[in-house]
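What follows is the content of run_23.txt, which has compact mmCIF, C-alpha atoms:
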# COMPACT_ATOMS: atom_id res chain seq x y z
CA MET A 1 61.55 86.34 -1.71
CA SER A 2 61.98 82.87 -3.23
CA GLU A 3 64.06 82.35 -6.36
CA HIS A 4 62.32 83.84 -9.37
CA ILE A 5 62.94 84.73 -13.02
CA THR A 6 64.59 88.14 -13.14
CA SER A 7 65.10 88.52 -16.90
CA VAL A 8 64.58 86.89 -20.28
CA GLU A 9 67.43 87.84 -22.62
CA THR A 10 67.08 87.30 -26.38
CA ILE A 11 69.87 87.29 -28.97
CA ASP A 12 69.69 87.12 -32.77
CA VAL A 13 72.66 84.89 -33.68
CA ARG A 14 73.38 83.89 -37.28
CA PHE A 15 76.10 81.84 -38.96
CA PRO A 16 76.98 82.52 -42.63
CA THR A 17 76.60 78.93 -43.82
CA SER A 18 75.31 80.09 -47.22
CA ARG A 19 78.87 81.01 -48.21
CA HIS A 20 79.72 77.32 -48.71
CA ARG A 21 76.17 76.09 -49.51
CA ASP A 22 76.03 74.13 -46.25
CA GLY A 23 72.39 73.33 -45.60
CA SER A 24 71.32 73.94 -49.20
CA ASP A 25 68.25 72.15 -50.55
CA ALA A 26 65.61 72.61 -53.22
CA MET A 27 63.52 74.99 -51.10
CA ASN A 28 66.38 76.74 -49.25
CA PRO A 29 69.30 77.22 -51.66
CA PHE A 30 71.28 79.72 -49.53
CA PRO A 31 70.42 79.29 -45.83
CA ASP A 32 72.29 81.05 -43.07
CA TYR A 33 71.78 78.76 -40.10
CA SER A 34 70.58 80.96 -37.25
CA ALA A 35 68.90 80.96 -33.86
CA ALA A 36 66.60 83.19 -31.92
CA TYR A 37 68.36 82.50 -28.65
CA VAL A 38 66.96 82.96 -25.16
CA ILE A 39 68.53 82.97 -21.70
CA LEU A 40 66.40 82.84 -18.56
CA ARG A 41 68.16 84.36 -15.56
CA THR A 42 67.07 83.86 -11.96
CA SER A 43 67.54 85.75 -8.72
CA ALA A 44 69.90 82.95 -7.58
CA ALA A 45 72.18 83.52 -10.62
CA ALA A 46 70.96 80.31 -12.30
CA GLU A 47 70.27 80.14 -16.04
CA GLY A 48 68.12 78.26 -18.50
CA HIS A 49 68.96 78.26 -22.22
CA GLY A 50 66.71 77.74 -25.22
CA LEU A 51 66.56 78.61 -28.89
CA VAL A 52 64.40 78.62 -31.98
CA PHE A 53 66.18 77.49 -35.15
CA THR A 54 65.86 79.72 -38.23
CA VAL A 55 67.71 80.06 -41.54
CA GLY A 56 68.55 83.77 -41.70
CA ARG A 57 66.10 86.50 -42.65
CA GLY A 58 63.14 86.53 -40.32
CA THR A 59 65.10 85.68 -37.20
CA GLU A 60 64.34 89.21 -36.03
CA ILE A 61 60.62 88.36 -36.22
CA GLN A 62 61.18 85.29 -34.07
CA ILE A 63 63.06 87.45 -31.56
CA ARG A 64 60.10 89.83 -31.37
CA ALA A 65 57.78 86.90 -30.65
CA LEU A 66 60.02 85.72 -27.83
CA ARG A 67 60.06 89.21 -26.36
CA SER A 68 56.28 89.42 -26.60
CA LEU A 69 55.89 86.25 -24.52
CA ALA A 70 58.76 86.97 -22.09
CA PRO A 71 56.64 88.97 -19.56
CA MET A 72 54.69 85.79 -18.86
CA LEU A 73 57.85 84.34 -17.29
CA GLU A 74 59.41 87.39 -15.67
CA GLY A 75 58.92 87.37 -11.91
CA GLN A 76 57.63 83.79 -11.86
CA PRO A 77 58.82 81.54 -8.99
CA VAL A 78 61.39 79.05 -10.23
CA ASP A 79 60.25 76.21 -7.98
CA ALA A 80 56.80 76.24 -9.56
CA LEU A 81 58.09 76.56 -13.11
CA VAL A 82 60.49 73.62 -12.94
CA ALA A 83 58.05 71.46 -10.98
CA ASP A 84 55.44 71.76 -13.74
CA PRO A 85 56.66 73.11 -17.10
CA GLY A 86 53.41 71.84 -18.58
CA ALA A 87 51.50 74.57 -16.75
CA LEU A 88 53.71 77.19 -18.40
CA ALA A 89 53.29 75.54 -21.81
CA ARG A 90 49.51 75.62 -21.49
CA ARG A 91 49.62 79.24 -20.35
CA LEU A 92 51.83 80.37 -23.23
CA VAL A 93 49.97 78.42 -25.91
CA GLY A 94 46.55 79.22 -24.51
CA ASP A 95 46.92 82.97 -24.04
CA SER A 96 43.77 84.31 -25.71
CA GLN A 97 45.32 87.33 -27.41
CA ILE A 98 48.50 85.59 -28.60
CA ARG A 99 46.49 82.54 -29.66
CA TRP A 100 44.61 84.65 -32.19
CA LEU A 101 47.84 84.88 -34.21
CA GLY A 102 48.07 81.09 -34.48
CA PRO A 103 46.47 79.20 -33.02
CA GLU A 104 49.22 76.72 -32.14
CA LYS A 105 51.32 77.28 -35.21
CA GLY A 106 53.94 79.57 -36.67
CA VAL A 107 56.30 82.09 -35.14
CA VAL A 108 54.45 82.58 -31.85
CA HIS A 109 54.06 78.84 -31.24
CA MET A 110 57.76 78.32 -31.89
CA ALA A 111 58.56 81.16 -29.50
CA ALA A 112 56.52 79.40 -26.83
CA GLY A 113 58.60 76.30 -27.51
CA GLY A 114 61.85 78.22 -27.11
CA LEU A 115 60.76 79.47 -23.69
CA VAL A 116 59.40 76.10 -22.57
CA ASN A 117 62.63 74.41 -23.60
CA ALA A 118 64.62 76.99 -21.62
CA VAL A 119 62.56 76.13 -18.54
CA TRP A 120 63.26 72.43 -19.04
CA ASP A 121 66.96 73.26 -19.42
CA LEU A 122 66.78 75.16 -16.12
CA ALA A 123 64.92 72.26 -14.48
CA ALA A 124 67.52 69.72 -15.62
CA ARG A 125 70.37 71.92 -14.45
CA ARG A 126 68.76 72.28 -11.02
CA ALA A 127 68.27 68.49 -10.85
CA ASP A 128 71.92 67.99 -11.94
CA LYS A 129 70.79 65.69 -14.77
CA PRO A 130 70.83 65.75 -18.55
CA LEU A 131 67.30 66.30 -19.80
CA TRP A 132 66.87 62.77 -21.18
CA LYS A 133 67.65 61.40 -17.72
CA LEU A 134 65.38 63.88 -15.96
CA LEU A 135 62.49 62.84 -18.21
CA ALA A 136 63.25 59.12 -17.96
CA ASP A 137 63.26 59.34 -14.15
CA LEU A 138 59.75 60.81 -14.02
CA THR A 139 56.90 58.45 -13.22
CA PRO A 140 54.34 57.62 -15.91
CA GLU A 141 51.84 59.73 -13.99
CA GLN A 142 54.19 62.73 -13.91
CA LEU A 143 54.88 62.43 -17.64
CA VAL A 144 51.23 62.17 -18.61
CA ALA A 145 50.49 65.25 -16.50
CA GLN A 146 52.87 67.22 -18.75
CA VAL A 147 50.82 66.53 -21.90
CA ASP A 148 47.83 68.53 -23.09
CA PHE A 149 45.35 65.90 -24.36
CA ARG A 150 42.58 68.34 -25.30
CA TYR A 151 42.73 67.73 -29.06
CA LEU A 152 44.23 64.23 -28.93
CA ARG A 153 41.77 62.04 -27.05
CA ASP A 154 40.14 60.68 -30.21
CA ALA A 155 43.51 59.08 -30.97
CA LEU A 156 45.25 58.81 -27.58
CA THR A 157 43.75 59.02 -24.11
CA GLU A 158 45.49 59.60 -20.79
CA ASP A 159 44.87 55.98 -19.83
CA GLU A 160 46.42 54.72 -23.07
CA ALA A 161 49.46 56.94 -22.54
CA LEU A 162 49.82 55.68 -18.97
CA ALA A 163 49.65 52.09 -20.19
CA LEU A 164 52.41 52.70 -22.75
CA LEU A 165 54.68 54.29 -20.16
CA ARG A 166 53.93 51.74 -17.42
CA ALA A 167 54.73 48.88 -19.79
CA ALA A 168 58.23 50.31 -20.21
CA VAL A 169 59.03 50.84 -16.52
CA ASP A 170 60.57 47.44 -15.80
CA GLY A 171 63.28 47.72 -18.44
CA ARG A 172 64.28 51.35 -17.87
CA ALA A 173 67.45 50.66 -15.90
CA ASP A 174 68.79 48.12 -18.38
CA ARG A 175 68.06 50.39 -21.34
CA GLU A 176 69.74 53.30 -19.62
CA ARG A 177 72.87 51.20 -19.16
CA ARG A 178 72.74 50.23 -22.84
CA LEU A 179 72.32 53.84 -23.89
CA LEU A 180 75.29 54.98 -21.83
CA ALA A 181 77.45 52.13 -23.15
CA GLU A 182 76.40 52.05 -26.81
CA GLY A 183 74.78 55.38 -27.64
CA PHE A 184 71.83 55.89 -30.01
CA PRO A 185 71.90 55.31 -33.80
CA ALA A 186 72.49 58.33 -36.03
CA TYR A 187 72.08 59.01 -39.71
CA THR A 188 73.89 61.76 -41.56
CA THR A 189 72.85 64.43 -44.04
CA THR A 190 76.36 65.86 -44.23
CA PRO A 191 77.07 64.44 -47.75
CA GLY A 192 73.77 65.38 -49.29
CA TRP A 193 73.39 69.16 -49.57
CA LEU A 194 72.14 70.14 -52.99
CA GLY A 195 74.84 72.76 -53.54
CA TYR A 196 77.75 70.31 -53.25
CA ASP A 197 79.55 69.19 -56.41
CA ASP A 198 79.79 65.54 -57.46
CA ASP A 199 83.32 64.98 -56.17
CA LYS A 200 82.41 66.34 -52.75
CA LEU A 201 79.25 64.22 -52.69
CA ALA A 202 81.18 61.02 -53.45
CA ARG A 203 83.92 61.82 -50.94
CA LEU A 204 81.52 62.63 -48.12
CA CYS A 205 79.44 59.52 -48.79
CA THR A 206 82.55 57.34 -48.56
CA GLU A 207 83.63 59.12 -45.38
CA ALA A 208 80.19 58.68 -43.83
CA VAL A 209 80.26 54.91 -44.30
CA ALA A 210 83.79 54.75 -42.93
CA ALA A 211 82.58 56.68 -39.87
CA GLY A 212 79.98 54.02 -39.15
CA PHE A 213 76.78 55.52 -40.57
CA ARG A 214 74.36 52.99 -42.06
CA LEU A 215 71.92 55.59 -43.38
CA ILE A 216 72.72 58.76 -45.30
CA LYS A 217 70.35 61.36 -46.71
CA LEU A 218 70.48 63.35 -49.94
CA LYS A 219 68.52 66.45 -50.85
CA VAL A 220 66.52 66.16 -54.06
CA GLY A 221 63.98 68.13 -56.04
CA GLY A 222 66.05 70.71 -57.90
CA ASP A 223 66.46 68.93 -61.24
CA LEU A 224 65.45 65.35 -62.01
CA ALA A 225 68.46 64.54 -64.20
CA ASP A 226 70.77 65.91 -61.52
CA ASP A 227 69.03 63.82 -58.87
CA VAL A 228 69.36 60.65 -60.93
CA ARG A 229 73.06 61.34 -61.42
CA ARG A 230 73.65 62.22 -57.77
CA LEU A 231 71.85 59.16 -56.43
CA GLY A 232 73.88 57.01 -58.79
CA ILE A 233 77.08 58.54 -57.40
CA ALA A 234 75.93 58.04 -53.84
CA ARG A 235 74.80 54.45 -54.38
CA ARG A 236 78.11 53.52 -55.98
CA ALA A 237 79.98 55.18 -53.11
CA VAL A 238 78.11 53.46 -50.25
CA GLY A 239 77.26 50.12 -51.86
CA PRO A 240 73.97 48.20 -51.79
CA ASP A 241 73.71 47.62 -48.04
CA VAL A 242 73.73 51.22 -46.75
CA ARG A 243 70.37 52.95 -46.74
CA ILE A 244 69.95 56.19 -48.70
CA ALA A 245 67.04 58.46 -47.79
CA VAL A 246 66.03 61.43 -49.92
CA ASP A 247 64.50 64.74 -48.87
CA ALA A 248 62.49 67.06 -51.14
CA ASN A 249 61.87 69.76 -48.52
CA GLN A 250 58.25 70.29 -49.66
CA VAL A 251 59.16 71.37 -53.19
CA TRP A 252 56.73 69.08 -55.08
CA GLY A 253 53.01 68.80 -55.55
CA VAL A 254 51.52 65.33 -55.09
CA PRO A 255 51.56 64.14 -58.75
CA GLU A 256 55.08 65.51 -59.23
CA ALA A 257 56.29 63.75 -56.08
CA ILE A 258 54.95 60.43 -57.29
CA ARG A 259 56.38 60.85 -60.78
CA TRP A 260 59.81 61.99 -59.49
CA MET A 261 60.11 59.18 -56.96
CA ARG A 262 59.32 56.56 -59.57
CA GLU A 263 62.33 57.81 -61.53
CA LEU A 264 64.52 57.51 -58.41
CA ALA A 265 63.20 54.06 -57.44
CA PRO A 266 66.06 52.12 -59.15
CA PHE A 267 68.43 53.52 -56.50
CA ASP A 268 66.38 51.95 -53.69
CA PRO A 269 65.62 55.09 -51.65
CA TYR A 270 64.73 54.17 -48.07
CA TRP A 271 62.38 57.09 -47.51
CA ILE A 272 61.20 60.24 -49.20
CA GLU A 273 61.06 63.10 -46.72
CA GLU A 274 58.61 66.00 -47.02
CA PRO A 275 57.48 65.03 -50.54
CA THR A 276 54.86 67.78 -50.60
CA SER A 277 53.33 70.54 -48.46
CA PRO A 278 53.82 69.66 -44.78
CA ASP A 279 50.16 70.61 -44.18
CA ASP A 280 48.80 68.14 -46.75
CA ILE A 281 47.83 65.06 -44.75
CA LEU A 282 45.91 63.39 -47.58
CA GLY A 283 48.64 64.28 -50.06
CA HIS A 284 51.19 62.43 -47.94
CA ALA A 285 48.84 59.45 -47.79
CA ALA A 286 48.53 59.45 -51.59
CA VAL A 287 52.30 59.62 -52.06
CA ARG A 288 52.83 56.85 -49.52
CA SER A 289 50.41 54.56 -51.35
CA ALA A 290 52.00 55.28 -54.73
CA VAL A 291 55.71 55.01 -53.92
CA ALA A 292 55.79 51.98 -51.60
CA PRO A 293 58.02 50.22 -50.64
CA THR A 294 59.84 53.55 -50.32
CA LYS A 295 58.72 54.98 -47.00
CA VAL A 296 57.31 58.45 -46.39
CA ALA A 297 58.86 60.57 -43.62
CA THR A 298 57.72 63.96 -42.43
CA GLY A 299 57.29 66.17 -39.38
CA GLU A 300 60.01 68.79 -39.16
CA HIS A 301 57.48 71.43 -40.26
CA GLY A 302 54.52 69.87 -38.46
CA HIS A 303 52.90 72.78 -36.61
CA ASN A 304 51.56 70.89 -33.62
CA ALA A 305 50.57 67.53 -32.17
CA VAL A 306 47.22 67.63 -33.99
CA MET A 307 48.98 67.41 -37.35
CA PHE A 308 50.93 64.37 -36.19
CA LYS A 309 47.72 62.81 -34.88
CA GLN A 310 46.11 63.20 -38.30
CA LEU A 311 49.15 61.91 -40.20
CA LEU A 312 49.03 58.79 -38.07
CA GLN A 313 45.26 58.38 -38.21
CA ALA A 314 45.31 58.71 -42.01
CA GLY A 315 48.11 56.19 -42.47
CA ALA A 316 50.06 58.93 -44.23
CA VAL A 317 53.51 58.44 -42.72
CA ASP A 318 56.00 55.60 -42.13
CA VAL A 319 58.54 57.66 -40.19
CA VAL A 320 57.67 60.45 -37.74
CA GLN A 321 60.22 63.27 -37.59
CA ILE A 322 59.96 65.43 -34.50
CA ASP A 323 61.82 68.72 -34.22
CA ALA A 324 62.91 70.20 -30.90
CA CYS A 325 62.16 73.77 -32.02
CA ARG A 326 59.12 73.60 -34.32
CA VAL A 327 56.31 72.79 -31.87
CA ALA A 328 55.76 74.25 -28.39
CA GLY A 329 58.74 72.61 -26.75
CA VAL A 330 59.37 69.43 -24.78
CA ASN A 331 55.78 69.01 -23.62
CA GLU A 332 54.25 68.92 -27.08
CA ASN A 333 57.02 66.63 -28.29
CA LEU A 334 56.16 64.25 -25.45
CA ALA A 335 52.64 64.14 -26.87
CA ILE A 336 53.96 63.36 -30.36
CA LEU A 337 56.24 60.61 -29.06
CA LEU A 338 53.28 59.04 -27.25
CA LEU A 339 51.12 59.26 -30.39
CA ALA A 340 53.83 57.60 -32.49
CA ALA A 341 54.22 54.84 -29.88
CA LYS A 342 50.46 54.25 -29.83
CA PHE A 343 50.40 53.83 -33.64
CA GLY A 344 53.64 51.82 -33.75
CA VAL A 345 55.45 54.24 -36.06
CA PRO A 346 59.20 54.83 -35.51
CA VAL A 347 60.50 58.30 -34.70
CA CYS A 348 63.63 59.57 -36.47
CA PRO A 349 64.14 63.15 -35.24
CA HIS A 350 65.02 66.02 -37.54
CA ALA A 351 68.25 67.72 -36.54
CA GLY A 352 71.19 69.58 -38.09
CA GLY A 353 70.83 73.34 -38.09
CA VAL A 354 71.97 75.31 -35.05
CA GLY A 355 71.52 73.28 -31.89
CA LEU A 356 68.90 70.89 -33.23
CA CYS A 357 71.19 67.88 -32.82
CA GLU A 358 72.04 68.99 -29.29
CA LEU A 359 68.41 69.42 -28.24
CA VAL A 360 66.54 66.60 -29.95
CA GLN A 361 68.94 63.85 -28.88
CA HIS A 362 67.45 64.13 -25.39
CA LEU A 363 63.93 63.40 -26.68
CA ALA A 364 64.97 60.36 -28.71
CA MET A 365 66.96 58.95 -25.81
CA PHE A 366 64.03 59.43 -23.44
CA ASP A 367 61.82 57.63 -25.97
CA PHE A 368 64.19 54.65 -25.96
CA VAL A 369 64.70 54.45 -22.21
CA ALA A 370 61.19 55.19 -20.92
CA LEU A 371 58.67 54.67 -23.74
CA THR A 372 59.30 52.43 -26.75
CA GLY A 373 62.44 50.64 -25.59
CA SER A 374 63.54 50.23 -29.20
CA THR A 375 66.15 51.59 -31.62
CA THR A 376 64.95 49.41 -34.52
CA ASP A 377 64.53 51.58 -37.66
CA ARG A 378 65.19 54.63 -35.48
CA ALA A 379 68.02 57.13 -35.87
CA ILE A 380 68.66 60.78 -35.05
CA GLU A 381 69.73 63.01 -37.92
CA TYR A 382 73.29 64.31 -37.66
CA VAL A 383 75.04 67.11 -39.51
CA ASP A 384 78.60 68.06 -38.66
CA HIS A 385 78.00 71.84 -38.59
CA LEU A 386 78.38 74.37 -35.79
CA HIS A 387 78.70 72.05 -32.80
CA GLU A 388 81.88 73.81 -31.72
CA HIS A 389 79.77 76.77 -30.63
CA PHE A 390 78.00 74.82 -27.87
CA ALA A 391 79.04 74.32 -24.27
CA ASP A 392 77.89 70.67 -24.40
CA PRO A 393 78.18 69.64 -28.07
CA VAL A 394 76.93 66.33 -29.42
CA ARG A 395 79.39 63.46 -29.46
CA ILE A 396 79.33 60.90 -32.26
CA ARG A 397 81.17 57.58 -32.22
CA ASP A 398 80.84 54.81 -34.82
CA GLY A 399 77.73 56.39 -36.30
CA ARG A 400 75.97 56.75 -32.94
CA TYR A 401 75.09 59.62 -30.62
CA LEU A 402 76.73 59.24 -27.21
CA ALA A 403 74.36 60.12 -24.39
CA PRO A 404 74.90 63.60 -22.89
CA ARG A 405 76.03 63.50 -19.28
CA SER A 406 76.11 67.22 -18.43
CA PRO A 407 73.06 68.77 -16.73
CA GLY A 408 70.55 70.52 -18.97
CA MET A 409 69.20 70.28 -22.52
CA SER A 410 72.59 70.97 -24.17
CA ALA A 411 71.24 74.25 -25.52
CA GLU A 412 73.87 76.68 -24.22
CA ILE A 413 75.85 78.53 -26.90
CA LEU A 414 79.28 79.72 -25.80
CA ALA A 415 79.49 83.40 -24.92
CA PRO A 416 82.29 84.18 -27.46
CA SER A 417 80.17 82.66 -30.25
CA LEU A 418 77.15 84.71 -29.21
CA ALA A 419 79.28 87.84 -29.29
CA ASP A 420 80.98 87.03 -32.60
CA TYR A 421 77.87 85.99 -34.54
CA ARG A 422 75.30 88.36 -33.06
CA PHE A 423 73.36 89.86 -35.97
CA PRO A 424 73.83 92.45 -37.37
CA ASP A 425 76.56 93.98 -35.22
CA GLY A 426 78.78 91.00 -34.34
CA PRO A 427 82.29 91.12 -35.82
CA ARG A 428 81.67 88.04 -37.98
CA TRP A 429 78.91 89.98 -39.72
CA THR A 430 80.46 93.42 -39.89
CA VAL A 431 83.93 92.53 -41.14
CA ALA A 432 85.24 89.22 -42.52
CA THR A 433 88.89 88.20 -42.13
CA THR A 434 89.64 89.71 -45.54
CA GLY A 435 88.14 93.02 -44.48
CA ALA A 436 85.09 92.56 -46.74
CA ALA A 437 81.65 92.87 -45.24
CA LEU A 438 79.71 89.58 -45.06
CA THR A 439 76.46 91.37 -45.63
Please lay out the structure from this file as structure tokens.
Amino acid sequence: MSEHITSVETIDVRFPTSRHRDGSDAMNPFPDYSAAYVILRTSAAAEGHGLVFTVGRGTEIQIRALRSLAPMLEGQPVDALVADPGALARRLVGDSQIRWLGPEKGVVHMAAGGLVNAVWDLAARRADKPLWKLLADLTPEQLVAQVDFRYLRDALTEDEALALLRAAVDGRADRERRLLAEGFPAYTTTPGWLGYDDDKLARLCTEAVAAGFRLIKLKVGGDLADDVRRLGIARRAVGPDVRIAVDANQVWGVPEAIRWMRELAPFDPYWIEEPTSPDDILGHAAVRSAVAPTKVATGEHGHNAVMFKQLLQAGAVDVVQIDACRVAGVNENLAILLLAAKFGVPVCPHAGGVGLCELVQHLAMFDFVALTGSTTDRAIEYVDHLHEHFADPVRIRDGRYLAPRSPGMSAEILAPSLADYRFPDGPRWTVATTGAALT
């Protein structure tokens, strides 16, 4: 029998980041960065790794969704899966009974993405390439075949996508050399968590600039007076030439977002991220019109490519933020990258969390090498949390992501970390170093 998928293992792994308010924002004051983690195992002892990022409670629900979809992979021939992950993506997303729970949104859609990403990780490992390189080496025709255009053709057709990709072919080799030599721009949210005190904010802002970052991001939306004070501290720390973005994490309604941002305008915010409900396309358009020249950025909670299509069609967004774990995996993110390229809107991926930096760097680097050919006004979010738990952690130098060189999607969490932080029975959750229970 040819090589096939023998098992789909799932692990609930959580890190107690809430203890130090790492990751805290107006909507999520005490997150525990977590992952519903999946390992595909094959009859040839190969593996593919994927995950769905979560923030604590509810990870067990995401695990159940992964387990519900897992039988659709078990027993499948590996050659067919890695040759055409798009077929798997369409099968998972299009399953008639599962689709009733969505369609194409929420926990089940994210579970499909975790499994699709694990297949791409397996494909890249078999090809002995990092995922960005595997994608960049595909022909325009192969890439377009991986995208489901069913709901997108009123904004982007197959022929338009082919034209975008073919126009970038000639410069691929030169851009790959540049990427390997220079890396890809990053911006950092490390200084900006809402739970940090003023001294820590100022210190981390100063350290970020010294480390080469030219854009930092602060969380806002808890208290207006606090935000005015904190932006003043940050602006004094970084000076007038470093960009400061702000992120409300959906906490405002449209009128409140406009009013709040007008109060923050003296600090020259570069963008306002998620100023209102991530589902409110017209609300984002209204905010964008009212707060210009401050840009509007959104996308980390965009359910699917259709939402991104509408944001772009409505002129509601200046910066598209893809997320490696929110939509149905690499294939749907390829669609979003193509849509953004068609509309000429830069992509600045959402990252941080558990593994999001590791995964999404591959998509941004593919975009540069094989699609847009540009890093202008583009940067990948970076947060300096939890990378030590990964077999192929991100590498940052002078405020830039260095291109991964190891095969795969960089999703593999080290076995000791999986054992230590498994929830609820891992030792990091049952007994802390002081002997007190974390839970």
| Coordinates-based distance that separates atom CA of Ala324 of chain A from atom CA of Val360 of chain A (Å, one decimal) | 5.2 Å
| query | Looking at all atoms listed in the file, which of A:Pro130, A:Gly212, A:Pro16, A:Gly106 is the one that sits closest to Pro424 of chain A? | reply | A:Pro16
| request: Name the closest residue to Leu402 of chain A among the candidates A:Ala335, A:Ile380, A:Ala305, A:Ala340; distances are taken between atoms, counting all atoms listed in the file. | output: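 Using all atoms listed in the file, Leu402 of chain A sits closest to A:Ile380.
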| Protein and nucleic acid residues near (54.9, 55.2, -39.0) (cut-off 8 Å, only C-alpha atoms) as a ChimeraX atom specification | /A:312,315,317-320,340,343-347
| Restricting the calculation to all atoms listed in the file, which member of A:Lys295, A:Arg422, A:Arg90, A:His362 is positioned closest to Arg150 of chain A? |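 Looking only at the distances to Arg150 of chain A, the closest residue turns out to be A:Arg90.
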Skipping near chain neighbours, those fewer than 2 positions away, what residues fall within 8 Å of Leu371 of chain A using all atoms listed in the file, listed as a short mmCIF file (atom, residue, chain, number, x, y, z; two decimals) with C-alpha atoms, in the coordinates of the input?
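Result file part05.cif:
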data_model
loop_
_atom_site.label_atom_id
_atom_site.label_comp_id
_atom_site.auth_asym_id
_atom_site.auth_seq_id
_atom_site.Cartn_x
_atom_site.Cartn_y
_atom_site.Cartn_z
CA LEU A 164 52.41 52.70 -22.75
CA LEU A 165 54.68 54.29 -20.16
CA ALA A 168 58.23 50.31 -20.21
CA LEU A 338 53.28 59.04 -27.25
CA ALA A 341 54.22 54.84 -29.88
CA PHE A 366 64.03 59.43 -23.44
CA ASP A 367 61.82 57.63 -25.97
CA PHE A 368 64.19 54.65 -25.96
CA VAL A 369 64.70 54.45 -22.21
CA GLY A 373 62.44 50.64 -25.59
#
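Within 12 Å of Asp159 of chain A, once all atoms listed in the file are used and residues closer than 4 positions along the same chain are dropped, the contacting residues are Pro140, Glu141, Val144, Ala145, Phe149, Arg153, Ala155, Ala163, Leu164, Leu165, Arg166, Leu338 and Lys342 of chain A.
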Write out as AutoDock Vina command-line options an axis-aligned box for segment 5-10 of chain A: all of its atoms listed in the file, 4 Å added on each side, centre and edge lengths in Å with one decimal.
--center_x 65.2 --center_y 86.6 --center_z -19.7 --size_x 12.5 --size_y 11.8 --size_z 21.4
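Of the residues under consideration (A:Asp198, A:Asp95, A:Glu47, A:Glu9), A:Glu47 shows the shortest atom-to-atom contact distance to Asp121 of chain A when counting all atoms listed in the file.
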